[in-house]
Amino acid sequence: MKSLLIILLFACALQAGEYSYWIEACPAVAGATHLTGCEPGDPELARWALEAWQRESGGAIVLKKSATEESARLRIHWATGATSLYGETEPIMVGGKRGGIVYVLPSVGPERTDPVMRDAIVYLTCLHETGHALGLAHTRNFADIMYSFQYGGDISAYFHRYRDLLKTRADIPAHAGVSDADRVALRAALKQ
Ligand SMILES: [Zn+2]
């Protein structure tokens, strides 16, 4: 019986996907904001997004901090850009395994007047884009983090729905922002 348990545990360990990750730092700029509009606390928001997927994966994702960007399956950059509103993801293969280079635009316009709303948008953008890096596609369901604004819908209401769950930024890790359908899609994607 004991040996069976050990075999089962070993099998689970083999199935678990190790996802090395790298998150760009946002260095403080004296007297000014960083070129991209990122803030020193943003890498933590990105890490919370990855940890949310890890929790929702039911053990299929095991995060591991990478020493270098080049060796990481999941790479998160802070960016400026005119082509996308919030972020974008470039799929990559690292050592024969699926990953992605994620670009998050941390400058979120008028919502900056509410720091918690601003952080909520950056967090949700990290969550959406890293979802792509994990193999998730867009959905038409407004409840999903993988919902695409190209299907219409009230963008402000979308972000406010999440922001209204928070008293402070510190509440973000307690609210994954992932729907039941996202969770099902994630677990299916990770088996492919
Ligand atoms: Zn997308």
# chains A, B, ... in the order shown; residues from 1 in each chain; ligands from 1
>>> residues_around(residues="A:Tyr86", least_positions_apart="3", cutoff="8 Å", atoms="only C-alpha atoms", output="list in words")
Val104, Leu105, Pro106, Val108 and Thr125 of chain A
>>> closest_atom_pairs(of="chain A", to="ligand 1", cutoff="12 Å", atoms="only C-alpha atoms and all ligand atoms", output="Markdown table")
| residue | atom | partner | partner_atom_place_in_ligand_line | distance |
| --- | --- | --- | --- | --- |
| A:Ser84 | CA | ligand 1 | 1 (Zn) | 9.8 |
| A:Leu85 | CA | ligand 1 | 1 (Zn) | 10.5 |
| A:Tyr86 | CA | ligand 1 | 1 (Zn) | 9.1 |
| A:Gly87 | CA | ligand 1 | 1 (Zn) | 7.6 |
| A:Glu88 | CA | ligand 1 | 1 (Zn) | 6.5 |
| A:Thr89 | CA | ligand 1 | 1 (Zn) | 7.6 |
| A:Glu90 | CA | ligand 1 | 1 (Zn) | 10.7 |
| A:Pro91 | CA | ligand 1 | 1 (Zn) | 11.9 |
| A:Val102 | CA | ligand 1 | 1 (Zn) | 10.6 |
| A:Tyr103 | CA | ligand 1 | 1 (Zn) | 11.1 |
| A:Val104 | CA | ligand 1 | 1 (Zn) | 11.1 |
| A:Leu124 | CA | ligand 1 | 1 (Zn) | 11.1 |
| A:Thr125 | CA | ligand 1 | 1 (Zn) | 8.8 |
| A:Cys126 | CA | ligand 1 | 1 (Zn) | 10.3 |
| A:Leu127 | CA | ligand 1 | 1 (Zn) | 9.9 |
| A:His128 | CA | ligand 1 | 1 (Zn) | 6.2 |
| A:Glu129 | CA | ligand 1 | 1 (Zn) | 6.0 |
| A:Thr130 | CA | ligand 1 | 1 (Zn) | 9.2 |
| A:Gly131 | CA | ligand 1 | 1 (Zn) | 8.3 |
| A:His132 | CA | ligand 1 | 1 (Zn) | 6.6 |
| A:Ala133 | CA | ligand 1 | 1 (Zn) | 9.9 |
| A:Leu134 | CA | ligand 1 | 1 (Zn) | 11.8 |
| A:Gly135 | CA | ligand 1 | 1 (Zn) | 11.0 |
| A:Leu136 | CA | ligand 1 | 1 (Zn) | 8.8 |
| A:Ala137 | CA | ligand 1 | 1 (Zn) | 7.3 |
| A:His138 | CA | ligand 1 | 1 (Zn) | 5.9 |
| A:Thr139 | CA | ligand 1 | 1 (Zn) | 9.0 |
| A:Arg140 | CA | ligand 1 | 1 (Zn) | 11.3 |
| A:Asp144 | CA | ligand 1 | 1 (Zn) | 11.3 |
| A:Ile145 | CA | ligand 1 | 1 (Zn) | 9.1 |
| A:Met146 | CA | ligand 1 | 1 (Zn) | 6.4 |
| A:Tyr147 | CA | ligand 1 | 1 (Zn) | 7.5 |
| A:Ser148 | CA | ligand 1 | 1 (Zn) | 5.9 |
| A:Phe149 | CA | ligand 1 | 1 (Zn) | 8.5 |
| A:Gln150 | CA | ligand 1 | 1 (Zn) | 9.3 |
| A:Tyr151 | CA | ligand 1 | 1 (Zn) | 11.4 |
>>> closest_residue(among="A:Arg183, A:Arg73, A:Arg161, A:Lys64", to="A:Phe142", atoms="only C-alpha atoms")
A:Arg161
>>> atom_distance(atom1="atom CA of A:His34", atom2="atom CA of A:Met117")
19.1 Å
>>> select_by_dssp(residues="stretch 76-152 of chain A", states="alpha helix (DSSP H)", output="count of residues only")
19
>>> residues_around(residues="stretch 166-168 of chain A", least_positions_apart="3", cutoff="10 Å", atoms="only C-alpha atoms", output="NGL selection string")
:A and (115-117 or 119-120 or 160-163 or 171-172 or 174-175)
>>> write_last_selection(atoms="N, CA, C and O atoms", output="mmCIF file, in the first residue's frame")
data_model
loop_
_atom_site.group_PDB
_atom_site.id
_atom_site.type_symbol
_atom_site.label_atom_id
_atom_site.label_comp_id
_atom_site.auth_asym_id
_atom_site.auth_seq_id
_atom_site.Cartn_x
_atom_site.Cartn_y
_atom_site.Cartn_z
ATOM 1 N N PRO A 115 -5.553 54.546 -7.132
ATOM 2 C CA PRO A 115 -4.399 53.629 -7.156
ATOM 3 C C PRO A 115 -4.795 52.160 -7.117
ATOM 4 O O PRO A 115 -4.133 51.327 -7.732
ATOM 5 N N VAL A 116 -5.863 51.830 -6.390
ATOM 6 C CA VAL A 116 -6.281 50.425 -6.308
ATOM 7 C C VAL A 116 -6.843 49.975 -7.661
ATOM 8 O O VAL A 116 -6.569 48.859 -8.119
ATOM 9 N N MET A 117 -7.602 50.859 -8.304
ATOM 10 C CA MET A 117 -8.133 50.535 -9.637
ATOM 11 C C MET A 117 -6.989 50.365 -10.624
ATOM 12 O O MET A 117 -6.972 49.439 -11.431
ATOM 13 N N ASP A 119 -3.906 49.435 -9.990
ATOM 14 C CA ASP A 119 -3.236 48.159 -9.726
ATOM 15 C C ASP A 119 -4.104 46.977 -10.157
ATOM 16 O O ASP A 119 -3.591 45.960 -10.634
ATOM 17 N N ALA A 120 -5.431 47.110 -9.995
ATOM 18 C CA ALA A 120 -6.341 46.040 -10.417
ATOM 19 C C ALA A 120 -6.229 45.819 -11.925
ATOM 20 O O ALA A 120 -6.190 44.675 -12.394
ATOM 21 N N HIS A 160 -14.166 47.473 -13.083
ATOM 22 C CA HIS A 160 -14.789 47.861 -11.810
ATOM 23 C C HIS A 160 -15.341 46.655 -11.056
ATOM 24 O O HIS A 160 -15.327 46.623 -9.831
ATOM 25 N N ARG A 161 -15.842 45.675 -11.796
ATOM 26 C CA ARG A 161 -16.376 44.462 -11.167
ATOM 27 C C ARG A 161 -15.322 43.835 -10.250
ATOM 28 O O ARG A 161 -15.610 43.390 -9.149
ATOM 29 N N TYR A 162 -14.071 43.825 -10.723
ATOM 30 C CA TYR A 162 -12.989 43.259 -9.919
ATOM 31 C C TYR A 162 -12.538 44.240 -8.836
ATOM 32 O O TYR A 162 -12.371 43.867 -7.676
ATOM 33 N N ARG A 163 -12.373 45.497 -9.219
ATOM 34 C CA ARG A 163 -11.888 46.497 -8.271
ATOM 35 C C ARG A 163 -12.815 46.612 -7.047
ATOM 36 O O ARG A 163 -12.355 46.830 -5.925
ATOM 37 N N ASP A 171 -5.561 43.100 -1.023
ATOM 38 C CA ASP A 171 -6.653 42.123 -1.171
ATOM 39 C C ASP A 171 -6.552 41.351 -2.488
ATOM 40 O O ASP A 171 -7.271 40.363 -2.681
ATOM 41 N N ILE A 172 -5.693 41.794 -3.408
ATOM 42 C CA ILE A 172 -5.645 41.172 -4.739
ATOM 43 C C ILE A 172 -5.368 39.664 -4.687
ATOM 44 O O ILE A 172 -6.065 38.893 -5.352
ATOM 45 N N ALA A 174 -6.250 37.513 -2.708
ATOM 46 C CA ALA A 174 -7.407 36.747 -2.225
ATOM 47 C C ALA A 174 -8.505 36.640 -3.282
ATOM 48 O O ALA A 174 -9.483 35.924 -3.095
ATOM 49 N N HIS A 175 -8.355 37.386 -4.385
ATOM 50 C CA HIS A 175 -9.366 37.366 -5.452
ATOM 51 C C HIS A 175 -8.670 37.078 -6.782
ATOM 52 O O HIS A 175 -8.126 37.985 -7.418
#
>>> atom_distance(atom1="atom CA of A:Thr113", atom2="atom CA of A:His77")
23.5 Å
>>> decode(residues="stretch 140-174 of chain A", atoms="N, CA and C atoms", output="mmCIF file, in the first residue's frame")
data_model
loop_
_atom_site.group_PDB
_atom_site.id
_atom_site.type_symbol
_atom_site.label_atom_id
_atom_site.label_comp_id
_atom_site.auth_asym_id
_atom_site.auth_seq_id
_atom_site.Cartn_x
_atom_site.Cartn_y
_atom_site.Cartn_z
ATOM 1 N N ARG A 140 -15.818 34.703 -25.484
ATOM 2 C CA ARG A 140 -16.847 35.735 -25.659
ATOM 3 C C ARG A 140 -17.606 35.985 -24.370
ATOM 4 N N ASN A 141 -17.191 35.310 -23.296
ATOM 5 C CA ASN A 141 -17.925 35.379 -22.027
ATOM 6 C C ASN A 141 -17.367 36.496 -21.143
ATOM 7 N N PHE A 142 -18.196 37.509 -20.901
ATOM 8 C CA PHE A 142 -17.781 38.701 -20.144
ATOM 9 C C PHE A 142 -17.275 38.350 -18.744
ATOM 10 N N ALA A 143 -17.672 37.190 -18.231
ATOM 11 C CA ALA A 143 -17.252 36.787 -16.878
ATOM 12 C C ALA A 143 -15.815 36.288 -16.848
ATOM 13 N N ASP A 144 -15.256 35.944 -18.000
ATOM 14 C CA ASP A 144 -13.936 35.300 -18.044
ATOM 15 C C ASP A 144 -12.795 36.306 -18.071
ATOM 16 N N ILE A 145 -11.669 35.920 -17.469
ATOM 17 C CA ILE A 145 -10.473 36.761 -17.599
ATOM 18 C C ILE A 145 -9.957 36.690 -19.039
ATOM 19 N N MET A 146 -10.287 35.616 -19.752
ATOM 20 C CA MET A 146 -9.833 35.501 -21.139
ATOM 21 C C MET A 146 -10.820 36.132 -22.123
ATOM 22 N N TYR A 147 -11.832 36.822 -21.589
ATOM 23 C CA TYR A 147 -12.761 37.580 -22.442
ATOM 24 C C TYR A 147 -11.967 38.613 -23.242
ATOM 25 N N SER A 148 -12.363 38.781 -24.506
ATOM 26 C CA SER A 148 -11.692 39.794 -25.325
ATOM 27 C C SER A 148 -12.614 40.984 -25.544
ATOM 28 N N PHE A 149 -12.060 42.172 -25.356
ATOM 29 C CA PHE A 149 -12.846 43.389 -25.564
ATOM 30 C C PHE A 149 -13.241 43.566 -27.029
ATOM 31 N N GLN A 150 -12.653 42.759 -27.914
ATOM 32 C CA GLN A 150 -13.036 42.868 -29.324
ATOM 33 C C GLN A 150 -14.486 42.393 -29.527
ATOM 34 N N TYR A 151 -15.044 41.719 -28.520
ATOM 35 C CA TYR A 151 -16.444 41.303 -28.605
ATOM 36 C C TYR A 151 -17.377 42.362 -28.031
ATOM 37 N N GLY A 152 -16.853 43.535 -27.771
ATOM 38 C CA GLY A 152 -17.676 44.609 -27.223
ATOM 39 C C GLY A 152 -17.654 44.557 -25.709
ATOM 40 N N GLY A 153 -18.707 45.009 -25.091
ATOM 41 C CA GLY A 153 -18.747 44.984 -23.632
ATOM 42 C C GLY A 153 -18.178 46.259 -23.038
ATOM 43 N N ASP A 154 -18.568 46.518 -21.821
ATOM 44 C CA ASP A 154 -18.196 47.753 -21.137
ATOM 45 C C ASP A 154 -16.869 47.535 -20.410
ATOM 46 N N ILE A 155 -15.797 48.092 -20.954
ATOM 47 C CA ILE A 155 -14.458 47.872 -20.405
ATOM 48 C C ILE A 155 -14.365 48.388 -18.966
ATOM 49 N N SER A 156 -14.925 49.564 -18.735
ATOM 50 C CA SER A 156 -14.880 50.144 -17.396
ATOM 51 C C SER A 156 -15.617 49.238 -16.399
ATOM 52 N N ALA A 157 -16.784 48.731 -16.797
ATOM 53 C CA ALA A 157 -17.551 47.835 -15.911
ATOM 54 C C ALA A 157 -16.771 46.548 -15.650
ATOM 55 N N TYR A 158 -16.057 46.096 -16.658
ATOM 56 C CA TYR A 158 -15.269 44.865 -16.526
ATOM 57 C C TYR A 158 -14.224 45.020 -15.415
ATOM 58 N N PHE A 159 -13.499 46.132 -15.445
ATOM 59 C CA PHE A 159 -12.461 46.350 -14.434
ATOM 60 C C PHE A 159 -13.064 46.696 -13.063
ATOM 61 N N HIS A 160 -14.166 47.473 -13.083
ATOM 62 C CA HIS A 160 -14.789 47.861 -11.810
ATOM 63 C C HIS A 160 -15.341 46.655 -11.056
ATOM 64 N N ARG A 161 -15.842 45.675 -11.796
ATOM 65 C CA ARG A 161 -16.376 44.462 -11.167
ATOM 66 C C ARG A 161 -15.322 43.835 -10.250
ATOM 67 N N TYR A 162 -14.071 43.825 -10.723
ATOM 68 C CA TYR A 162 -12.989 43.259 -9.919
ATOM 69 C C TYR A 162 -12.538 44.240 -8.836
ATOM 70 N N ARG A 163 -12.373 45.497 -9.219
ATOM 71 C CA ARG A 163 -11.888 46.497 -8.271
ATOM 72 C C ARG A 163 -12.815 46.612 -7.047
ATOM 73 N N ASP A 164 -14.121 46.428 -7.285
ATOM 74 C CA ASP A 164 -15.091 46.559 -6.194
ATOM 75 C C ASP A 164 -14.954 45.452 -5.145
ATOM 76 N N LEU A 165 -14.199 44.399 -5.475
ATOM 77 C CA LEU A 165 -13.942 43.329 -4.503
ATOM 78 C C LEU A 165 -12.839 43.718 -3.520
ATOM 79 N N LEU A 166 -12.124 44.795 -3.836
ATOM 80 C CA LEU A 166 -10.905 45.143 -3.091
ATOM 81 C C LEU A 166 -11.097 46.363 -2.210
ATOM 82 N N LYS A 167 -10.560 46.263 -0.992
ATOM 83 C CA LYS A 167 -10.459 47.481 -0.168
ATOM 84 C C LYS A 167 -9.105 48.129 -0.435
ATOM 85 N N THR A 168 -8.078 47.292 -0.451
ATOM 86 C CA THR A 168 -6.737 47.775 -0.734
ATOM 87 C C THR A 168 -6.070 46.832 -1.732
ATOM 88 N N ARG A 169 -4.933 47.240 -2.215
ATOM 89 C CA ARG A 169 -4.138 46.412 -3.123
ATOM 90 C C ARG A 169 -3.828 45.041 -2.511
ATOM 91 N N ALA A 170 -3.639 45.022 -1.194
ATOM 92 C CA ALA A 170 -3.258 43.777 -0.514
ATOM 93 C C ALA A 170 -4.343 42.704 -0.614
ATOM 94 N N ASP A 171 -5.561 43.100 -1.023
ATOM 95 C CA ASP A 171 -6.653 42.123 -1.171
ATOM 96 C C ASP A 171 -6.552 41.351 -2.488
ATOM 97 N N ILE A 172 -5.693 41.794 -3.408
ATOM 98 C CA ILE A 172 -5.645 41.172 -4.739
ATOM 99 C C ILE A 172 -5.368 39.664 -4.687
ATOM 100 N N PRO A 173 -4.390 39.195 -3.902
ATOM 101 C CA PRO A 173 -4.117 37.743 -3.917
ATOM 102 C C PRO A 173 -5.310 36.895 -3.453
ATOM 103 N N ALA A 174 -6.250 37.513 -2.708
ATOM 104 C CA ALA A 174 -7.407 36.747 -2.225
ATOM 105 C C ALA A 174 -8.505 36.640 -3.282
#
